[in-house]
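Just start.txt here, compact mmCIF, C-alpha atoms and all ligand atoms:
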```
# COMPACT_ATOMS: atom_id res chain seq x y z
CA MET A 1 1.05 -22.05 -0.16
CA ASN A 2 -1.30 -23.98 2.12
CA GLU A 3 -4.81 -25.17 1.10
CA LEU A 4 -6.53 -22.09 2.52
CA GLN A 5 -4.15 -19.75 0.69
CA LYS A 6 -4.69 -21.67 -2.55
CA GLU A 7 -8.46 -21.39 -2.20
CA LEU A 8 -8.26 -17.71 -1.27
CA THR A 9 -6.05 -16.79 -4.22
CA THR A 10 -8.01 -18.92 -6.69
CA ASN A 11 -11.28 -17.24 -5.72
CA LEU A 12 -9.66 -13.82 -5.79
CA ALA A 13 -8.10 -14.46 -9.20
CA LYS A 14 -11.56 -15.23 -10.57
CA PHE A 15 -13.07 -12.09 -9.04
CA CYS A 16 -10.22 -9.96 -10.40
CA LYS A 17 -10.53 -11.47 -13.88
CA ASP A 18 -14.33 -11.11 -14.04
CA SER A 19 -14.91 -7.88 -12.12
CA ILE A 20 -11.74 -5.75 -12.20
CA GLU A 21 -9.77 -6.57 -15.36
CA PRO A 22 -12.54 -5.57 -17.81
CA HIS A 23 -12.58 -2.03 -16.35
CA MET A 24 -8.89 -1.36 -15.84
CA GLU A 25 -7.89 0.08 -19.19
CA HIS A 26 -10.89 2.43 -19.33
CA ASP A 27 -10.77 3.42 -15.66
CA ASP A 28 -7.04 4.05 -15.78
CA GLU A 29 -7.63 6.54 -18.57
CA ALA A 30 -10.68 8.07 -16.91
CA GLY A 31 -9.20 8.11 -13.39
CA LYS A 32 -12.29 6.33 -12.10
CA PHE A 33 -12.51 4.51 -8.77
CA ARG A 34 -15.39 2.03 -8.30
CA LEU A 35 -16.68 1.52 -4.77
CA ASP A 36 -18.56 -1.61 -5.89
CA ILE A 37 -15.25 -3.27 -6.77
CA PHE A 38 -13.84 -2.47 -3.34
CA GLN A 39 -16.99 -3.76 -1.69
CA GLY A 40 -16.84 -6.85 -3.90
CA LEU A 41 -13.37 -7.50 -2.47
CA GLY A 42 -14.97 -7.01 0.94
CA ALA A 43 -17.42 -9.81 0.16
CA TYR A 44 -14.39 -12.11 -0.24
CA GLY A 45 -13.20 -11.07 3.22
CA VAL A 46 -10.01 -9.42 1.98
CA THR A 47 -10.75 -5.88 3.16
CA GLY A 48 -10.18 -6.88 6.78
CA ILE A 49 -8.30 -10.10 6.35
CA THR A 50 -6.01 -10.01 9.39
CA LEU A 51 -8.50 -8.44 11.80
CA PRO A 52 -10.11 -10.54 14.55
CA THR A 53 -13.46 -12.10 13.70
CA GLU A 54 -15.11 -10.32 16.66
CA TYR A 55 -14.69 -7.06 14.70
CA GLY A 56 -15.81 -8.60 11.42
CA GLY A 57 -12.34 -9.49 10.16
CA ALA A 58 -11.39 -12.81 8.61
CA GLY A 59 -8.97 -13.62 11.46
CA LEU A 60 -6.28 -14.78 9.03
CA SER A 61 -2.53 -14.25 9.20
CA TYR A 62 -0.29 -11.67 7.59
CA SER A 63 1.18 -14.48 5.50
CA ASP A 64 -2.32 -15.08 4.07
CA TYR A 65 -2.85 -11.35 3.58
CA VAL A 66 0.29 -10.83 1.47
CA TYR A 67 -0.79 -13.62 -0.90
CA ALA A 68 -4.18 -11.93 -1.28
CA LEU A 69 -2.61 -8.53 -2.00
CA GLU A 70 -0.23 -10.08 -4.52
CA GLU A 71 -3.19 -11.65 -6.30
CA ILE A 72 -5.17 -8.38 -6.50
CA ALA A 73 -2.08 -6.48 -7.65
CA LYS A 74 -1.65 -8.85 -10.59
CA THR A 75 -4.78 -7.24 -11.98
CA SER A 76 -4.80 -3.84 -10.32
CA VAL A 77 -2.11 -2.19 -8.25
CA PRO A 78 -4.45 0.70 -7.27
CA TYR A 79 -7.22 -1.55 -5.86
CA ALA A 80 -4.60 -3.56 -3.97
CA VAL A 81 -3.31 -0.28 -2.55
CA THR A 82 -6.80 0.83 -1.50
CA VAL A 83 -7.17 -2.47 0.38
CA SER A 84 -3.70 -2.20 1.93
CA VAL A 85 -4.03 1.38 3.20
CA SER A 86 -7.50 0.68 4.60
CA SER A 87 -6.06 -2.43 6.26
CA MET A 88 -3.21 -0.42 7.78
CA VAL A 89 -5.79 1.91 9.36
CA GLN A 90 -7.59 -1.11 10.82
CA THR A 91 -4.36 -2.59 12.13
CA ILE A 92 -3.56 0.70 13.83
CA ILE A 93 -6.99 0.90 15.50
CA ASN A 94 -6.82 -2.76 16.48
CA GLU A 95 -3.28 -2.47 17.83
CA TYR A 96 -3.41 0.93 19.52
CA GLY A 97 -7.12 1.68 19.97
CA ASN A 98 -9.28 0.99 23.01
CA ASP A 99 -12.32 -1.33 23.03
CA ALA A 100 -14.78 1.46 22.31
CA GLN A 101 -12.77 2.68 19.30
CA LYS A 102 -12.46 -0.84 17.92
CA LYS A 103 -16.17 -1.54 18.28
CA LYS A 104 -17.15 1.78 16.76
CA TYR A 105 -14.86 1.95 13.73
CA LEU A 106 -13.64 -1.52 12.78
CA PRO A 107 -16.74 -3.41 11.54
CA ALA A 108 -17.52 -0.99 8.69
CA LEU A 109 -13.86 -1.10 7.63
CA THR A 110 -13.33 -4.86 7.87
CA SER A 111 -16.48 -5.54 5.83
CA GLY A 112 -15.35 -3.16 3.10
CA GLN A 113 -18.42 -0.98 3.48
CA GLU A 114 -16.08 1.88 4.33
CA ILE A 115 -12.50 2.74 3.41
CA GLY A 116 -9.73 3.91 5.73
CA ALA A 117 -6.94 6.42 5.00
CA PHE A 118 -3.69 7.37 6.74
CA ALA A 119 -2.72 11.05 7.01
CA LEU A 120 0.89 11.68 7.99
CA SER A 121 2.59 13.55 5.12
CA GLU A 122 2.52 17.31 4.70
CA SER A 123 4.00 19.59 2.04
CA HIS A 124 7.15 20.19 4.14
CA ALA A 125 7.12 16.90 6.07
CA GLY A 126 7.42 13.89 3.78
CA SER A 127 10.47 11.78 4.63
CA ASP A 128 11.00 13.89 7.76
CA ALA A 129 7.58 12.92 9.07
CA ALA A 130 8.36 14.05 12.62
CA GLY A 131 8.57 17.62 11.29
CA LEU A 132 4.81 17.78 10.66
CA LYS A 133 3.12 21.12 11.38
CA THR A 134 -0.59 20.27 11.65
CA THR A 135 -1.66 21.13 15.18
CA ALA A 136 -4.22 19.63 17.54
CA LYS A 137 -4.92 22.14 20.31
CA LYS A 138 -6.54 20.92 23.52
CA VAL A 139 -9.99 22.45 24.04
CA ALA A 140 -12.87 21.49 26.30
CA GLY A 141 -13.90 17.89 25.55
CA GLY A 142 -11.45 17.32 22.73
CA TYR A 143 -8.98 18.84 20.29
CA GLN A 144 -9.11 21.38 17.52
CA ILE A 145 -7.11 20.36 14.45
CA ASN A 146 -5.63 22.90 12.02
CA GLY A 147 -3.41 22.19 9.05
CA THR A 148 -3.15 20.48 5.68
CA LYS A 149 -2.17 16.92 4.81
CA MET A 150 -0.79 16.06 1.38
CA TRP A 151 -0.79 13.10 -1.02
CA ILE A 152 -3.33 11.13 0.97
CA THR A 153 -4.20 7.81 -0.65
CA SER A 154 -8.01 7.33 -0.72
CA GLY A 155 -8.54 10.96 0.32
CA GLY A 156 -12.16 11.79 -0.48
CA ILE A 157 -13.32 8.17 -0.84
CA ALA A 158 -12.34 7.12 2.68
CA LYS A 159 -14.64 7.63 5.64
CA THR A 160 -12.18 7.03 8.52
CA TYR A 161 -8.83 8.85 8.67
CA ILE A 162 -5.93 8.36 11.06
CA VAL A 163 -4.52 11.88 11.32
CA MET A 164 -1.18 12.69 12.94
CA ALA A 165 -1.10 16.17 14.47
CA ARG A 166 1.08 18.07 16.92
CA THR A 167 -0.18 18.34 20.49
CA GLY A 168 3.23 19.08 22.01
CA GLY A 169 6.64 20.50 21.16
CA GLU A 170 8.81 19.86 18.12
CA GLY A 171 9.89 16.37 17.05
CA PRO A 172 8.33 12.93 17.26
CA LYS A 173 7.32 13.14 20.92
CA GLY A 174 4.99 16.09 20.23
CA VAL A 175 2.86 14.09 17.77
CA SER A 176 -0.51 12.48 18.55
CA ALA A 177 -2.78 10.32 16.40
CA PHE A 178 -6.52 10.94 16.00
CA ILE A 179 -9.44 9.24 14.33
CA VAL A 180 -11.23 11.75 12.11
CA ARG A 181 -14.30 11.04 10.00
CA ASP A 182 -15.38 12.42 6.66
CA GLY A 183 -18.19 14.84 7.48
CA ASP A 184 -16.60 16.13 10.71
CA LYS A 185 -17.05 19.89 10.87
CA GLY A 186 -13.93 21.75 9.74
CA PHE A 187 -12.61 18.81 7.71
CA SER A 188 -12.65 19.20 3.93
CA PHE A 189 -10.84 17.95 0.84
CA GLY A 190 -8.43 20.04 -1.22
CA LYS A 191 -6.70 19.40 -4.50
CA ALA A 192 -7.08 15.99 -6.18
CA GLU A 193 -3.66 15.04 -7.56
CA LYS A 194 -3.09 14.27 -11.25
CA LYS A 195 -0.66 11.36 -11.29
CA MET A 196 1.53 9.25 -13.58
CA GLY A 197 -0.02 6.03 -12.25
CA TRP A 198 -2.40 4.69 -9.58
CA LYS A 199 -5.05 6.52 -11.55
CA THR A 200 -7.98 4.53 -10.17
CA SER A 201 -6.88 5.30 -6.60
CA PRO A 202 -7.68 8.91 -5.67
CA THR A 203 -4.93 10.93 -3.96
CA ARG A 204 -6.12 14.07 -2.25
CA GLU A 205 -5.16 16.93 0.02
CA LEU A 206 -6.95 17.06 3.41
CA VAL A 207 -7.73 20.43 4.97
CA PHE A 208 -8.44 20.94 8.67
CA GLU A 209 -9.84 24.30 9.78
CA ASN A 210 -10.74 24.34 13.48
CA CYS A 211 -11.84 20.74 13.10
CA PHE A 212 -13.09 19.50 16.47
CA VAL A 213 -12.41 15.88 17.42
CA PRO A 214 -13.58 14.57 20.79
CA ASP A 215 -11.14 13.21 23.41
CA GLU A 216 -12.41 9.71 22.68
CA ASN A 217 -10.87 9.88 19.18
CA LEU A 218 -7.30 10.20 20.47
CA LEU A 219 -5.36 6.98 19.84
CA LEU A 220 -3.17 5.55 22.60
CA GLY A 221 -2.41 8.88 24.31
CA GLU A 222 -0.90 12.30 23.75
CA GLY A 223 2.62 12.17 22.32
CA LYS A 224 2.28 8.59 21.10
CA GLY A 225 1.25 9.44 17.55
CA PHE A 226 4.66 8.99 15.94
CA ASN A 227 5.02 5.50 17.39
CA VAL A 228 1.49 4.70 16.21
CA ALA A 229 2.37 5.90 12.71
CA MET A 230 5.70 4.02 12.58
CA GLY A 231 4.17 0.82 13.95
CA GLY A 232 1.45 1.02 11.29
CA LEU A 233 4.02 1.68 8.60
CA ASP A 234 6.10 -1.40 9.49
CA ARG A 235 3.10 -3.51 8.54
CA GLY A 236 2.07 -1.22 5.70
CA ARG A 237 5.49 -1.48 4.08
CA VAL A 238 5.18 -5.26 3.86
CA ALA A 239 1.80 -4.82 2.20
CA ILE A 240 3.30 -2.42 -0.36
CA ALA A 241 6.07 -4.97 -0.91
CA ALA A 242 3.48 -7.71 -1.58
CA ILE A 243 1.81 -5.42 -4.11
CA GLY A 244 5.21 -4.96 -5.78
CA VAL A 245 5.48 -8.75 -6.12
CA GLY A 246 2.05 -8.98 -7.76
CA CYS A 247 2.91 -6.14 -10.12
CA SER A 248 6.16 -7.86 -11.13
CA GLN A 249 4.60 -11.32 -11.43
CA ARG A 250 1.97 -10.04 -13.87
CA CYS A 251 4.61 -8.37 -16.02
CA LEU A 252 6.75 -11.51 -15.98
CA ASP A 253 3.72 -13.58 -17.07
CA GLU A 254 2.95 -11.16 -19.90
CA SER A 255 6.58 -11.10 -21.01
CA VAL A 256 7.17 -14.85 -21.07
CA ARG A 257 3.90 -15.52 -22.93
CA TYR A 258 4.67 -12.81 -25.48
CA ALA A 259 8.28 -13.91 -25.97
CA LEU A 260 7.18 -17.50 -26.61
CA GLU A 261 4.70 -16.40 -29.28
CA ARG A 262 6.38 -13.49 -30.99
CA GLN A 263 8.41 -14.61 -34.00
CA GLN A 264 11.34 -12.65 -35.42
CA PHE A 265 14.14 -13.94 -37.62
CA ASN A 266 12.11 -17.19 -37.98
CA GLN A 267 12.07 -18.09 -34.29
CA PRO A 268 10.27 -17.13 -31.09
CA ILE A 269 12.10 -14.19 -29.54
CA PHE A 270 12.23 -16.27 -26.33
CA ASP A 271 14.97 -18.36 -27.99
CA PHE A 272 17.37 -15.43 -28.21
CA GLN A 273 19.78 -15.63 -25.31
CA GLY A 274 19.55 -11.86 -24.76
CA LEU A 275 15.83 -12.24 -24.00
CA GLN A 276 16.39 -15.36 -21.88
CA PHE A 277 18.83 -13.43 -19.69
CA MET A 278 16.29 -10.64 -19.19
CA LEU A 279 13.43 -13.03 -18.41
CA SER A 280 15.56 -15.06 -16.02
CA ASP A 281 16.61 -11.93 -14.15
CA MET A 282 12.95 -10.85 -13.96
CA ALA A 283 11.86 -14.25 -12.60
CA THR A 284 14.67 -14.20 -10.02
CA GLU A 285 13.64 -10.71 -8.93
CA VAL A 286 10.05 -11.87 -8.39
CA GLU A 287 10.99 -14.96 -6.38
CA SER A 288 13.56 -13.24 -4.18
CA SER A 289 11.15 -10.38 -3.44
CA ARG A 290 8.39 -12.83 -2.54
CA LEU A 291 10.70 -14.66 -0.13
CA LEU A 292 11.56 -11.44 1.70
CA VAL A 293 7.88 -10.42 1.84
CA HIS A 294 7.03 -13.74 3.47
CA ALA A 295 9.93 -13.52 5.91
CA ALA A 296 8.70 -10.09 7.01
CA ALA A 297 5.07 -11.27 7.17
CA GLN A 298 6.09 -14.21 9.35
CA SER A 299 7.76 -11.84 11.81
CA ILE A 300 4.44 -9.98 12.09
CA ASP A 301 2.53 -13.25 12.54
CA ALA A 302 4.96 -14.22 15.29
CA GLY A 303 4.01 -11.01 17.14
CA THR A 304 7.48 -9.50 16.73
CA PRO A 305 7.37 -7.30 13.61
CA ASN A 306 10.94 -7.00 12.37
CA ALA A 307 11.19 -3.41 11.14
CA LYS A 308 14.46 -4.14 9.32
CA LEU A 309 12.95 -7.04 7.38
CA CYS A 310 9.82 -4.98 6.64
CA SER A 311 11.97 -2.21 5.14
CA MET A 312 14.12 -4.73 3.25
CA ALA A 313 11.01 -6.34 1.75
CA LYS A 314 9.67 -2.96 0.66
CA LEU A 315 13.01 -1.88 -0.80
CA LYS A 316 13.72 -5.13 -2.65
CA SER A 317 10.25 -5.72 -3.99
CA THR A 318 9.45 -2.21 -5.18
CA ASP A 319 12.86 -1.49 -6.73
CA GLY A 320 12.39 -4.93 -8.32
CA ALA A 321 8.92 -4.00 -9.58
CA MET A 322 10.33 -0.91 -11.30
CA ARG A 323 13.00 -2.99 -12.97
CA VAL A 324 10.72 -5.88 -13.97
CA THR A 325 7.94 -3.67 -15.32
CA THR A 326 10.43 -1.57 -17.31
CA ASP A 327 11.99 -4.72 -18.76
CA ALA A 328 8.52 -6.07 -19.58
CA VAL A 329 7.88 -3.01 -21.75
CA GLN A 330 11.23 -3.67 -23.42
CA VAL A 331 10.47 -7.35 -24.06
CA LEU A 332 7.15 -6.47 -25.68
CA GLY A 333 8.79 -3.69 -27.67
CA GLY A 334 6.49 -1.39 -29.66
CA VAL A 335 3.23 -2.91 -28.37
CA GLY A 336 4.58 -2.86 -24.83
CA TYR A 337 4.58 0.92 -25.00
CA THR A 338 0.92 1.01 -26.02
CA SER A 339 -2.18 0.31 -23.96
CA GLU A 340 -2.87 -2.77 -26.10
CA PHE A 341 -0.97 -4.66 -23.39
CA PRO A 342 -1.16 -3.76 -19.69
CA VAL A 343 2.60 -3.67 -19.03
CA GLU A 344 2.91 0.10 -19.58
CA ARG A 345 0.18 0.65 -16.94
CA PHE A 346 2.02 -1.61 -14.50
CA MET A 347 5.25 0.28 -15.21
CA ARG A 348 3.53 3.58 -14.35
CA ASP A 349 1.92 1.99 -11.27
CA ALA A 350 5.25 0.57 -10.09
CA LYS A 351 7.02 3.94 -9.87
CA VAL A 352 5.19 5.27 -6.83
CA LEU A 353 5.69 2.00 -4.95
CA GLN A 354 9.30 3.19 -4.57
CA ILE A 355 8.02 6.42 -2.99
CA VAL A 356 4.99 5.71 -0.76
CA GLU A 357 5.09 4.51 2.83
CA GLY A 358 8.65 5.79 3.04
CA THR A 359 10.82 6.31 -0.02
CA ASN A 360 13.27 3.53 -0.73
CA GLN A 361 16.01 5.88 0.45
CA ILE A 362 14.22 6.01 3.84
CA GLN A 363 14.00 2.20 3.86
CA ARG A 364 17.79 2.16 3.51
CA VAL A 365 18.06 4.63 6.40
CA VAL A 366 15.92 2.31 8.57
CA ILE A 367 17.98 -0.75 7.56
CA ALA A 368 21.27 1.07 8.23
CA ARG A 369 20.07 2.18 11.69
CA HIS A 370 19.33 -1.45 12.55
CA LEU A 371 22.73 -2.53 11.26
CA LYS A 372 24.42 0.09 13.43
CA LYS A 373 22.56 -1.21 16.50
CA GLU A 374 23.31 -4.83 15.65
CA TYR A 375 27.01 -3.99 15.43
CA GLY A 376 26.97 -2.31 18.84
CA HIS A 377 26.75 1.33 17.81
CA ALA A 378 23.26 2.31 19.07
N1 LIG B 401 7.73 1.26 15.43
C1 LIG B 401 7.38 1.94 16.54
N2 LIG B 401 8.03 3.05 16.94
C2 LIG B 401 9.05 3.49 16.16
C3 LIG B 401 9.44 2.83 14.98
C4 LIG B 401 8.74 1.66 14.63
N3 LIG B 401 9.08 0.99 13.54
N4 LIG B 401 10.45 3.51 14.40
C5 LIG B 401 10.70 4.56 15.19
N5 LIG B 401 9.84 4.55 16.25
C6 LIG B 401 9.81 5.47 17.37
C7 LIG B 401 11.19 5.53 18.00
O1 LIG B 401 11.35 4.47 18.93
C8 LIG B 401 11.17 6.86 18.68
O2 LIG B 401 10.44 6.82 19.88
P1 LIG B 401 11.15 6.78 21.32
O3 LIG B 401 12.00 8.02 21.34
O4 LIG B 401 10.01 6.80 22.24
O5 LIG B 401 11.96 5.55 21.33
C9 LIG B 401 10.35 7.72 17.72
O6 LIG B 401 9.56 6.81 16.94
C10 LIG B 401 11.21 8.57 16.81
O7 LIG B 401 12.02 7.70 16.06
P2 LIG B 401 13.28 8.26 15.26
O8 LIG B 401 14.17 9.01 16.19
O9 LIG B 401 13.86 7.12 14.50
O10 LIG B 401 12.59 9.32 14.28
P3 LIG B 401 13.16 10.14 13.05
O11 LIG B 401 12.59 11.49 13.06
O12 LIG B 401 14.65 10.01 12.98
O13 LIG B 401 12.46 9.43 11.77
C11 LIG B 401 12.23 7.91 9.96
C12 LIG B 401 12.67 8.16 11.42
C13 LIG B 401 12.44 6.42 9.80
C14 LIG B 401 13.06 8.67 8.96
C15 LIG B 401 10.72 8.27 9.81
O14 LIG B 401 10.54 9.65 9.85
C16 LIG B 401 10.13 7.72 8.54
O15 LIG B 401 9.80 6.55 8.46
N6 LIG B 401 9.94 8.62 7.51
C17 LIG B 401 9.21 8.25 6.32
C18 LIG B 401 7.78 8.67 6.46
C19 LIG B 401 6.85 7.76 5.72
O16 LIG B 401 7.04 6.56 5.64
N7 LIG B 401 5.78 8.33 5.22
C20 LIG B 401 4.79 7.56 4.56
C21 LIG B 401 3.59 8.38 4.33
S1 LIG B 401 2.14 7.41 4.43
C22 LIG B 401 1.89 6.74 2.93
O17 LIG B 401 2.66 6.84 2.03
C23 LIG B 401 0.68 5.90 2.91
C24 LIG B 401 -0.08 5.98 1.68
O18 LIG B 401 -0.98 6.78 1.61
C25 LIG B 401 0.16 5.01 0.61
```

Before anything else, please render the file you have as structure tokens.
Amino acid sequence: MNELQKELTTNLAKFCKDSIEPHMEHDDEAGKFRLDIFQGLGAYGVTGITLPTEYGGAGLSYSDYVYALEEIAKTSVPYAVTVSVSSMVQTIINEYGNDAQKKKYLPALTSGQEIGAFALSESHAGSDAAGLKTTAKKVAGGYQINGTKMWITSGGIAKTYIVMARTGGEGPKGVSAFIVRDGDKGFSFGKAEKKMGWKTSPTRELVFENCFVPDENLLLGEGKGFNVAMGGLDRGRVAIAAIGVGCSQRCLDESVRYALERQQFNQPIFDFQGLQFMLSDMATEVESSRLLVHAAAQSIDAGTPNAKLCSMAKLKSTDGAMRVTTDAVQVLGGVGYTSEFPVERFMRDAKVLQIVEGTNQIQRVVIARHLKKEYGHA
């Protein structure tokens, strides 16, 4: 970690301890999201960390960003996720949008005054994202969107949505990406999901009924929406991986501290070799995941995002988070299963990291496709 990263994470750790941690147990139970917390993170510059300063971003690197996400996730996976999805939306607008779109939408997102959301999945198009059915029909001056999006992180609390809809024939080439705003006529919110974890991050259905979006809200061009979505997801998957590292690190910290203090059979349980093996495996999982996250982040910083590394980081770190958080509950035993300690919450929050932004089975598909190409079988 360089000096800037140390300062960033130290300040963030203090904000998380003072302003997020005291609410987490209650808000997890109540399913309550607090905009003031998100905006507080904005005041630290982390809601638009990698965006250029001309659009209000902090102008930092992806390597800086993943440290920041890891730090937030040590206290709250859901707030880290809200930041990461909103950041993915900004990256997409910055990467694929034109000047007018950047000027219009980015400043409110980078500052954390507004939240961004990404709408790709549908009830019958999850892993097979190119099978999406939502349509965007060309009409005078714009497009009319009809359809329903499912499982949308920050649905209802976000103001700016990147919505993938079909303007052409079947398959990926018929998909276009649009910027849609909360309040646009014909755009409403459906069912709010009841979930196992991520309870302070709302997940909602989006409903489009003859929702008009002007031509100027089309991103990149007709038929480019699948590439826009996949490009955004390469970066998003590294962010989810960084959150997995934070989630695991917190559970490792809790486990080691507990094992050193908890006495059974007249000795700290840490001194039993069975526990040492578990804790060592957990620590190795955290470090190896972090290394892959940074390798992927460096490829983004170099301007050549390596989709294979991004998928590997997501796969390793989030499968690791599930393992580490489950083991943390085991190390803490009876109290680990109660809300007296946060490890059970982190275990519930870890599960969906293996599912969002492409299931870990899809990450393996992406990795295997790259392997095939590398070995001359394109
Ligand atoms: N970057 C840019 N373009 C890419 C790309 C990438 N990483 N990967 C693929 N593409 C392009 C391809 O080049 C191709 O375009 P061309 O024909 O012009 O070359 C086009 O996209 C289609 O690619 P494929 O033939 O590989 O498409 P496919 O239908 O076989 O699907 C897939 C590939 C990897 C399985 C993809 O569907 C996928 O990633 N599925 C998972 C969906 C997903 O991740 N959903 C996440 C939901 S969002 C979410 O969870 C966020 C949240 O709220 C937390």

Item to check | Straight-line distance linking atom CA of Gly156 of chain A with atom CA of Glu205 of chain A, stated in Å to one decimal | outcome: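 Spanning atom CA of Gly156 of chain A to atom CA of Glu205 of chain A is a straight-line distance of 8.7 Å.
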
Item to check | Length of the atom CA of Ser176 of chain A to atom CA of Val356 of chain A vector [Å] | outcome: 21.2 Å

Checklist entry - Hey, which residues come within 7 Å of ligand LIG 401 (chain B) if we count all atoms listed in the file? Could you give them as number ranges by chain? => result A: 85, 117-121, 126-130, 151-153, 171-173, 226-228, 230-231, 233-234, 307, 356-359, 362, 365-366

Store the residues of this selection in a file with C-alpha atoms, as a compact mmCIF listing (two decimals), keeping the file's coordinate frame.
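Just written: part_2.txt:
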```txt
# COMPACT_ATOMS: atom_id res chain seq x y z
CA VAL A 85 -4.03 1.38 3.20
CA ALA A 117 -6.94 6.42 5.00
CA PHE A 118 -3.69 7.37 6.74
CA ALA A 119 -2.72 11.05 7.01
CA LEU A 120 0.89 11.68 7.99
CA SER A 121 2.59 13.55 5.12
CA GLY A 126 7.42 13.89 3.78
CA SER A 127 10.47 11.78 4.63
CA ASP A 128 11.00 13.89 7.76
CA ALA A 129 7.58 12.92 9.07
CA ALA A 130 8.36 14.05 12.62
CA TRP A 151 -0.79 13.10 -1.02
CA ILE A 152 -3.33 11.13 0.97
CA THR A 153 -4.20 7.81 -0.65
CA GLY A 171 9.89 16.37 17.05
CA PRO A 172 8.33 12.93 17.26
CA LYS A 173 7.32 13.14 20.92
CA PHE A 226 4.66 8.99 15.94
CA ASN A 227 5.02 5.50 17.39
CA VAL A 228 1.49 4.70 16.21
CA MET A 230 5.70 4.02 12.58
CA GLY A 231 4.17 0.82 13.95
CA LEU A 233 4.02 1.68 8.60
CA ASP A 234 6.10 -1.40 9.49
CA ALA A 307 11.19 -3.41 11.14
CA VAL A 356 4.99 5.71 -0.76
CA GLU A 357 5.09 4.51 2.83
CA GLY A 358 8.65 5.79 3.04
CA THR A 359 10.82 6.31 -0.02
CA ILE A 362 14.22 6.01 3.84
CA VAL A 365 18.06 4.63 6.40
CA VAL A 366 15.92 2.31 8.57
```

Checklist entry - When distances are computed from only C-alpha atoms, which of A:Arg345, A:Lys159, A:Arg237, A:Lys373 shows the smallest separation from Ala313 of chain A? => result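 Going through A:Arg345, A:Lys159, A:Arg237, A:Lys373 one by one, the smallest distance to Ala313 of chain A is for A:Arg237.
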
Would you tabulate, counting only C-alpha atoms, all residues of segment 225-344 of chain A that have an atom at most 12 Å from an atom of segment 27-43 of chain A, showing the closest pair of atoms and their distance in Å to one decimal, sorted by chain then ascending number, as JSON lines?
```
{"residue": "A:Ser339", "atom": "CA", "partner": "A:Glu29", "partner_atom": "CA", "distance": 9.9}
{"residue": "A:Pro342", "atom": "CA", "partner": "A:Asp28", "partner_atom": "CA", "distance": 10.5}
{"residue": "A:Glu344", "atom": "CA", "partner": "A:Asp28", "partner_atom": "CA", "distance": 11.4}
```

Item to check | Straight-line distance linking atom CA of Asp301 of chain A with atom CA of Ser61 of chain A, stated in Å to one decimal | outcome: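 Value for the atom CA of Asp301 of chain A-atom CA of Ser61 of chain A distance: 6.1 Å.
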
Next on the checklist: Please list as a list in words every residue within 12 Å of Lys137 of chain A, counting only C-alpha atoms and excluding residues in the same chain fewer than 2 positions away.
Outcome noted: Thr134, Thr135, Val139, Ala140, Gly141, Gly142, Tyr143, Gln144, Ile145, Asn146, Gly147, Ala165, Arg166, Thr167, Gly168, Gly169, Gly174, Val175, Ser176, Glu209, Asn210, Cys211, Phe212, Val213, Pro214, Asp215 and Glu222 of chain A

Output file for the selection above: C-alpha atoms, as a PDB file, in the coordinates of the input:
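Contents of selection_29.pdb, as written:
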```
ATOM      1  CA  THR A 134      -0.590  20.270  11.650  1.00  0.00           C
ATOM      2  CA  THR A 135      -1.660  21.130  15.180  1.00  0.00           C
ATOM      3  CA  VAL A 139      -9.990  22.450  24.040  1.00  0.00           C
ATOM      4  CA  ALA A 140     -12.870  21.490  26.300  1.00  0.00           C
ATOM      5  CA  GLY A 141     -13.900  17.890  25.550  1.00  0.00           C
ATOM      6  CA  GLY A 142     -11.450  17.320  22.730  1.00  0.00           C
ATOM      7  CA  TYR A 143      -8.980  18.840  20.290  1.00  0.00           C
ATOM      8  CA  GLN A 144      -9.110  21.380  17.520  1.00  0.00           C
ATOM      9  CA  ILE A 145      -7.110  20.360  14.450  1.00  0.00           C
ATOM     10  CA  ASN A 146      -5.630  22.900  12.020  1.00  0.00           C
ATOM     11  CA  GLY A 147      -3.410  22.190   9.050  1.00  0.00           C
ATOM     12  CA  ALA A 165      -1.100  16.170  14.470  1.00  0.00           C
ATOM     13  CA  ARG A 166       1.080  18.070  16.920  1.00  0.00           C
ATOM     14  CA  THR A 167      -0.180  18.340  20.490  1.00  0.00           C
ATOM     15  CA  GLY A 168       3.230  19.080  22.010  1.00  0.00           C
ATOM     16  CA  GLY A 169       6.640  20.500  21.160  1.00  0.00           C
ATOM     17  CA  GLY A 174       4.990  16.090  20.230  1.00  0.00           C
ATOM     18  CA  VAL A 175       2.860  14.090  17.770  1.00  0.00           C
ATOM     19  CA  SER A 176      -0.510  12.480  18.550  1.00  0.00           C
ATOM     20  CA  GLU A 209      -9.840  24.300   9.780  1.00  0.00           C
ATOM     21  CA  ASN A 210     -10.740  24.340  13.480  1.00  0.00           C
ATOM     22  CA  CYS A 211     -11.840  20.740  13.100  1.00  0.00           C
ATOM     23  CA  PHE A 212     -13.090  19.500  16.470  1.00  0.00           C
ATOM     24  CA  VAL A 213     -12.410  15.880  17.420  1.00  0.00           C
ATOM     25  CA  PRO A 214     -13.580  14.570  20.790  1.00  0.00           C
ATOM     26  CA  ASP A 215     -11.140  13.210  23.410  1.00  0.00           C
ATOM     27  CA  GLU A 222      -0.900  12.300  23.750  1.00  0.00           C
TER      28      GLU A 222
END
```

Item to check | Spatial neighbours of Tyr67 of chain A, 12 Å, only C-alpha atoms, chain gap at least 4 places, as a PyMOL selection string | outcome: chain A and resi 1-2+4-10+12-13+46+49+60-63+71-74+80+238-246+290-291+293-294+297

Next on the checklist: Between A:Phe187, A:Tyr79, A:Phe272, A:Phe277, which residue has the minimum interatomic distance to Ser201 of chain A, considering only C-alpha atoms?
Outcome noted: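 Answer, going by the shortest atom-to-atom distance: A:Tyr79.
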